[in-house]
Amino acid sequence: MDLAFSGVSGILIMLFYGLLMLAIGIGTFLRHRNVHSSLDEYYLGGRGLGTLVLFFTFFATQYSGNTVIGYSAEAYRVGYANLVTVPFFIMIILVYLIYAPRLYKLSKKHKIVTPVDWIQLRYQSKAVSILAAVLMLYALGNFLLEQLVAIGQGVSGLTGGTVPYQAGVIFFIVIMIVYGWLGGMRSVAYTDTMQGVALLVGVFMLLIGTIIYFGGLPAAGDYIQAYSPENLGVPEGIGLVTWSNFLILVGIGAAVYPNAIQRIFSAKSERTLKRSLTQMAWMPFLTAGVVFIIGILAYTAFPDLTVGESEQVVGLLASAIANQNMIFYIAMVLLFGGIIAAIVSTADSVLLTFSSIISKDIYGRYINAEASDNKKIMVGKVIGALVVGLLLVIAWNPPGTLYQIFVLKLEILIQVAPAIILGLYWKRSHAKSVFFGMLIGALTAAVLTFAGQTPLGIFSGVWGLIINLGIYTGGSLVFGTVEDEAEAEAQTVRST
Amino acid sequence: MEKRKREPIKNYKIWIGFAIIFVLLIPWYFPAGGETMMIYGVPLWALVIIGMSVFLSLYITYVIKYHWDVDEDDSVRKGEE
């Protein structure tokens, strides 16, 4: 397959995007010299992100390059059953509505920097806080690993192997760490804005090009009806269970990603937060929806790809379209850069949040509480970079048998959701029950995932969540007293 | 001042609406098997799901605009955008 961006042009595109990100990082640093003076400044952009930047940083956190590459491939393979991706991205915003209004208020009042800060404030329990921190760090680490692998594959895939996997990863990781170190949340959010624009424009041009050169939905519909009518059918039986599982697991799981929660804390005001979330409620149509349609349309262009080949369906389409004329060539350059940038922009926010939990919740709370903010930030940065190095080693030498421990993400992360969300509202919440619910829920999800089991068609993470909630609510009903919670609750009540 | 505050979680009626939309977002109410009805190359059931998704986004927009007003400090901050 002859890709349009192999050779020197591929290298130039990557260099251009990389240097642009770096320039944004340096520019941010020069404008905000005091960025390392406090945890608020570094990790939350001084709690001053306006609507547009806040929106794009939510956007970049939620949509990665995988959304474009993986979801269109999935739509190509399974057809309309994959339409669930559109509502599940909207569900995330619905889950925000459950907790974001109050958590935002509390974060301002109590200077909360990380989600673990909130858990500590609420339960005043070392066990709950440490367990939540560990689960979050674990899920974030795996999420980061996935993004690192995606950067390498993206770069080498999109340039037809001109830029080797390792070189692509190292180049972008170094740039990401440098701009992250320079400007913290601000440079992450500003680069997110650039990265989001590139991705949106690119994906739209891919859609338009596909329609012009390969035909629209009616043509694709006829084609699929003739050759794979099962891809048009309504999901039934187990398909329906899977569909609803996706809505729950992704809706709740993605809404409690620590990096997503931290963006709530970074909002300049309630108004900017409301506006950004309103815009986010409509983005699934422009991203997941467009990506889904591209996957369906690809059917007319490349009707019989194998499963392996279908993974590259976006690359194949973009390459074919780029070869048509100059305008589409430039647009596909934007798309390719946008896809890589989108992966980098997801990775940078994960890394920043990872460092913040190390700085604030591990080092700053249990190891050296007396340290200055500057020192805490430094420890978070250095450990974040070391973890990236470790993950790179794992990415290049994947362990044969235990690989699954690096796959668990949402399944584990969703177990922290009850502590964060229910804790906001339920006075009786009992710290020990919260702890055991979280622990046993996470273990259940892990064991079921390793065993490859989905009893009754329900995902392992959802099983874990059901058990977790059972222990949490049961234990709190039996042991929880409102007195126990008096202190934490008083704070909650006073602030609402 | 206290009475003006609105928080989505405190208004159970909002959540009845969300529950109904959630149930309708799962395509269980279409006849299984048989010929899929197509409109401009898209299965009818998929169009209904897209319609429900649009409705969910609209409803979220409405709730954010009219049922979320917690932070009184905001009234002080004018002209921030």
# chains A, B, ... in the order shown; residues from 1 in each chain; ligands from 1

$ interface_residues --of "chain A" --to "chain B" --cutoff "8 Å" --atoms "only C-alpha atoms" --output "count of residues only"
37

$ residues_around --residues "range 194-208 of chain A" --least-positions-apart "3" --cutoff "8 Å" --atoms "only C-alpha atoms" --output "ChimeraX atom specification"
/A:56,59-60,68,190-191,211-212,286-287,290-291,293-294,317-318,321,328,331-339,341-342,345

$ closest_residue --among "A:Gln312, A:Asn231, A:Ser9, A:Asn323" --to "Gly79 in chain A" --atoms "only C-alpha atoms"
A:Asn231

$ residues_around --residues "Pro258 in chain A" --least-positions-apart "2" --cutoff "12 Å" --atoms "only C-alpha atoms" --output "ChimeraX atom specification"
/A:58,61-62,113-119,132-141,143,253-256,260-265,349-357,409-410,413-414,416-417,420

$ select_by_dssp --residues "chain B" --states "strand (DSSP E)" --output "PyMOL selection string"
chain B and resi 38-39+42-43

$ select_by_dssp --residues "range 12-114 of chain A" --states "alpha helix (DSSP H)" --output "PDB file with C-alpha atoms, in the first residue's frame"
ATOM      1  CA  LEU A  12       8.110  17.092   7.973  1.00  0.00           C
ATOM      2  CA  ILE A  13       4.481  16.866   9.110  1.00  0.00           C
ATOM      3  CA  MET A  14       5.483  15.215  12.387  1.00  0.00           C
ATOM      4  CA  LEU A  15       8.242  17.756  12.974  1.00  0.00           C
ATOM      5  CA  PHE A  16       5.882  20.623  12.281  1.00  0.00           C
ATOM      6  CA  TYR A  17       3.267  19.414  14.754  1.00  0.00           C
ATOM      7  CA  GLY A  18       5.839  18.586  17.380  1.00  0.00           C
ATOM      8  CA  LEU A  19       7.506  21.977  17.171  1.00  0.00           C
ATOM      9  CA  LEU A  20       4.159  23.758  17.225  1.00  0.00           C
ATOM     10  CA  MET A  21       3.283  22.054  20.526  1.00  0.00           C
ATOM     11  CA  LEU A  22       6.680  22.956  21.908  1.00  0.00           C
ATOM     12  CA  ALA A  23       6.222  26.586  20.850  1.00  0.00           C
ATOM     13  CA  ILE A  24       2.879  26.735  22.628  1.00  0.00           C
ATOM     14  CA  GLY A  25       4.514  25.333  25.767  1.00  0.00           C
ATOM     15  CA  ILE A  26       7.328  27.868  25.682  1.00  0.00           C
ATOM     16  CA  GLY A  27       4.913  30.720  24.962  1.00  0.00           C
ATOM     17  CA  THR A  28       2.768  29.703  27.932  1.00  0.00           C
ATOM     18  CA  PHE A  29       5.778  29.558  30.202  1.00  0.00           C
ATOM     19  CA  LEU A  30       6.924  33.028  29.170  1.00  0.00           C
ATOM     20  CA  ARG A  31       3.510  34.503  29.850  1.00  0.00           C
ATOM     21  CA  LEU A  39      -0.166  23.480  43.042  1.00  0.00           C
ATOM     22  CA  ASP A  40      -3.217  25.474  41.916  1.00  0.00           C
ATOM     23  CA  GLU A  41      -1.188  27.337  39.327  1.00  0.00           C
ATOM     24  CA  TYR A  42       0.618  24.326  37.949  1.00  0.00           C
ATOM     25  CA  TYR A  43      -2.028  21.616  38.051  1.00  0.00           C
ATOM     26  CA  LEU A  44      -5.190  23.685  37.589  1.00  0.00           C
ATOM     27  CA  THR A  51     -14.931  28.659  28.201  1.00  0.00           C
ATOM     28  CA  LEU A  52     -13.092  27.997  24.951  1.00  0.00           C
ATOM     29  CA  VAL A  53      -9.898  26.564  26.403  1.00  0.00           C
ATOM     30  CA  LEU A  54     -11.834  24.613  29.028  1.00  0.00           C
ATOM     31  CA  PHE A  55     -14.040  23.172  26.318  1.00  0.00           C
ATOM     32  CA  PHE A  56     -11.101  22.057  24.186  1.00  0.00           C
ATOM     33  CA  THR A  57      -9.285  20.524  27.107  1.00  0.00           C
ATOM     34  CA  PHE A  58     -12.423  18.535  28.035  1.00  0.00           C
ATOM     35  CA  PHE A  59     -12.652  17.625  24.372  1.00  0.00           C
ATOM     36  CA  ALA A  60      -9.041  16.453  24.117  1.00  0.00           C
ATOM     37  CA  THR A  61      -9.347  14.467  27.330  1.00  0.00           C
ATOM     38  CA  GLN A  62     -12.429  12.652  26.121  1.00  0.00           C
ATOM     39  CA  GLY A  65      -6.762   9.588  18.280  1.00  0.00           C
ATOM     40  CA  ASN A  66      -8.145   6.139  19.085  1.00  0.00           C
ATOM     41  CA  THR A  67     -11.632   7.523  18.736  1.00  0.00           C
ATOM     42  CA  VAL A  68     -10.913   8.238  15.087  1.00  0.00           C
ATOM     43  CA  ILE A  69      -8.850   5.206  14.177  1.00  0.00           C
ATOM     44  CA  GLY A  70     -10.432   2.536  16.363  1.00  0.00           C
ATOM     45  CA  TYR A  71     -14.086   3.544  16.245  1.00  0.00           C
ATOM     46  CA  SER A  72     -14.272   3.902  12.481  1.00  0.00           C
ATOM     47  CA  ALA A  73     -12.650   0.482  12.123  1.00  0.00           C
ATOM     48  CA  GLU A  74     -15.218  -0.915  14.553  1.00  0.00           C
ATOM     49  CA  ALA A  75     -18.094   0.700  12.643  1.00  0.00           C
ATOM     50  CA  TYR A  76     -16.693  -0.771   9.439  1.00  0.00           C
ATOM     51  CA  ARG A  77     -16.677  -4.248  10.992  1.00  0.00           C
ATOM     52  CA  VAL A  78     -19.915  -4.402  12.943  1.00  0.00           C
ATOM     53  CA  THR A  85     -20.675   5.357  20.496  1.00  0.00           C
ATOM     54  CA  VAL A  86     -22.684   8.541  19.882  1.00  0.00           C
ATOM     55  CA  PRO A  87     -25.054   8.297  22.885  1.00  0.00           C
ATOM     56  CA  PHE A  88     -22.350   6.994  25.198  1.00  0.00           C
ATOM     57  CA  PHE A  89     -20.281  10.125  24.735  1.00  0.00           C
ATOM     58  CA  ILE A  90     -23.391  12.163  25.577  1.00  0.00           C
ATOM     59  CA  MET A  91     -23.966  10.003  28.664  1.00  0.00           C
ATOM     60  CA  ILE A  92     -20.645  11.241  30.026  1.00  0.00           C
ATOM     61  CA  ILE A  93     -22.038  14.767  30.206  1.00  0.00           C
ATOM     62  CA  LEU A  94     -25.192  13.454  31.866  1.00  0.00           C
ATOM     63  CA  VAL A  95     -23.047  11.890  34.593  1.00  0.00           C
ATOM     64  CA  TYR A  96     -21.237  15.223  35.040  1.00  0.00           C
ATOM     65  CA  LEU A  97     -24.613  16.774  35.812  1.00  0.00           C
ATOM     66  CA  ILE A  98     -24.962  14.432  38.765  1.00  0.00           C
ATOM     67  CA  TYR A  99     -21.843  15.609  40.537  1.00  0.00           C
ATOM     68  CA  ALA A 100     -20.076  18.493  38.805  1.00  0.00           C
ATOM     69  CA  PRO A 101     -22.234  21.378  40.121  1.00  0.00           C
ATOM     70  CA  ARG A 102     -21.605  20.526  43.753  1.00  0.00           C
ATOM     71  CA  LEU A 103     -18.062  19.270  43.366  1.00  0.00           C
ATOM     72  CA  TYR A 104     -17.084  22.448  41.539  1.00  0.00           C
ATOM     73  CA  LYS A 105     -18.467  24.542  44.368  1.00  0.00           C
ATOM     74  CA  LEU A 106     -16.656  22.482  46.985  1.00  0.00           C
ATOM     75  CA  SER A 107     -13.404  22.522  45.031  1.00  0.00           C
ATOM     76  CA  LYS A 108     -13.379  26.302  45.052  1.00  0.00           C
ATOM     77  CA  LYS A 109     -14.248  26.522  48.685  1.00  0.00           C
ATOM     78  CA  HIS A 110     -11.776  23.939  49.955  1.00  0.00           C
TER      79      HIS A 110
END

$ residues_around --residues "Phe435 in chain A" --least-positions-apart "6" --cutoff "10 Å" --atoms "only C-alpha atoms" --output "MDAnalysis selection string"
chainID A and resid 123 125:132 416 419 441 468 471:472

$ write_last_selection --atoms "C-alpha atoms" --output "PDB file, in the first residue's frame"
ATOM      1  CA  TYR A 123     -14.160  10.518  54.510  1.00  0.00           C
ATOM      2  CA  SER A 125      -9.835   8.113  56.113  1.00  0.00           C
ATOM      3  CA  LYS A 126      -6.292   7.233  55.187  1.00  0.00           C
ATOM      4  CA  ALA A 127      -7.370   3.818  53.898  1.00  0.00           C
ATOM      5  CA  VAL A 128     -10.026   5.185  51.565  1.00  0.00           C
ATOM      6  CA  SER A 129      -7.767   7.947  50.255  1.00  0.00           C
ATOM      7  CA  ILE A 130      -4.791   5.705  49.628  1.00  0.00           C
ATOM      8  CA  LEU A 131      -6.884   3.006  47.958  1.00  0.00           C
ATOM      9  CA  ALA A 132      -8.569   5.577  45.727  1.00  0.00           C
ATOM     10  CA  VAL A 416     -13.956   5.020  42.650  1.00  0.00           C
ATOM     11  CA  ALA A 419     -16.965   7.263  46.779  1.00  0.00           C
ATOM     12  CA  GLY A 441     -15.469  -4.096  43.488  1.00  0.00           C
ATOM     13  CA  ASN A 468     -19.186  -2.181  45.239  1.00  0.00           C
ATOM     14  CA  ILE A 471     -21.238  -3.150  50.096  1.00  0.00           C
ATOM     15  CA  TYR A 472     -21.147   0.656  50.198  1.00  0.00           C
TER      16      TYR A 472
END

$ atom_distance --atom1 "CA of Pro164 in chain A" --atom2 "CA of Gly10 in chain A"
11.3 Å

$ atom_distance --atom1 "CA of Asn142 in chain A" --atom2 "CA of Leu408 in chain A"
7.0 Å

$ decode --residues "range 390-457 of chain A" --atoms "C-alpha atoms" --output "short mmCIF file (atom, residue, chain, number, x, y, z; two decimals), in the first residue's frame"
data_model
loop_
_atom_site.label_atom_id
_atom_site.label_comp_id
_atom_site.auth_asym_id
_atom_site.auth_seq_id
_atom_site.Cartn_x
_atom_site.Cartn_y
_atom_site.Cartn_z
CA LEU A 390 8.94 2.59 32.72
CA LEU A 391 5.80 2.40 30.58
CA LEU A 392 7.92 2.81 27.45
CA VAL A 393 9.97 -0.22 28.47
CA ILE A 394 6.75 -2.17 28.97
CA ALA A 395 5.38 -0.94 25.63
CA TRP A 396 8.44 -2.24 23.82
CA ASN A 397 8.77 -5.50 25.71
CA PRO A 398 5.19 -6.51 26.37
CA PRO A 399 5.13 -9.30 28.94
CA GLY A 400 3.64 -12.39 27.36
CA THR A 401 1.42 -13.76 30.09
CA LEU A 402 0.46 -10.89 32.34
CA TYR A 403 -0.40 -8.46 29.62
CA GLN A 404 -3.95 -8.14 30.90
CA ILE A 405 -2.89 -6.22 33.98
CA PHE A 406 -2.08 -3.41 31.61
CA VAL A 407 -5.48 -3.50 30.00
CA LEU A 408 -7.62 -2.71 33.04
CA LYS A 409 -8.70 0.91 33.05
CA LEU A 410 -12.35 1.88 33.09
CA GLU A 411 -13.25 -1.34 34.95
CA ILE A 412 -11.06 -0.26 37.86
CA LEU A 413 -11.61 3.46 37.67
CA ILE A 414 -15.39 3.17 37.80
CA GLN A 415 -15.01 1.62 41.30
CA VAL A 416 -13.96 5.02 42.65
CA ALA A 417 -17.13 6.64 41.32
CA PRO A 418 -19.42 5.77 44.28
CA ALA A 419 -16.96 7.26 46.78
CA ILE A 420 -16.74 10.47 44.77
CA ILE A 421 -20.36 10.88 43.71
CA LEU A 422 -22.44 9.20 46.42
CA GLY A 423 -20.21 10.77 49.05
CA LEU A 424 -21.37 14.19 47.88
CA TYR A 425 -24.94 13.54 48.83
CA TRP A 426 -25.35 10.66 51.25
CA LYS A 427 -24.87 11.60 54.88
CA ARG A 428 -24.65 8.06 56.16
CA SER A 429 -21.72 7.10 53.92
CA HIS A 430 -19.49 5.00 56.14
CA ALA A 431 -15.76 5.14 55.41
CA LYS A 432 -14.99 1.46 56.06
CA SER A 433 -17.89 0.33 53.88
CA VAL A 434 -16.73 2.70 51.15
CA PHE A 435 -13.26 1.19 51.44
CA PHE A 436 -14.36 -2.43 51.25
CA GLY A 437 -16.86 -1.69 48.49
CA MET A 438 -14.14 -0.08 46.41
CA LEU A 439 -11.61 -2.82 47.14
CA ILE A 440 -13.89 -5.78 46.51
CA GLY A 441 -15.47 -4.10 43.49
CA ALA A 442 -12.02 -3.54 41.96
CA LEU A 443 -10.93 -7.11 42.71
CA THR A 444 -14.14 -8.51 41.22
CA ALA A 445 -13.69 -6.47 38.07
CA ALA A 446 -10.05 -7.52 37.80
CA VAL A 447 -10.68 -11.22 38.36
CA LEU A 448 -13.58 -11.34 35.90
CA THR A 449 -11.51 -9.49 33.31
CA PHE A 450 -8.53 -11.85 33.70
CA ALA A 451 -10.82 -14.84 33.48
CA GLY A 452 -12.45 -13.37 30.39
CA GLN A 453 -15.87 -13.79 32.00
CA THR A 454 -18.94 -11.63 31.44
CA PRO A 455 -21.69 -13.43 33.38
CA LEU A 456 -25.16 -12.68 31.95
CA GLY A 457 -23.42 -10.57 29.32
#
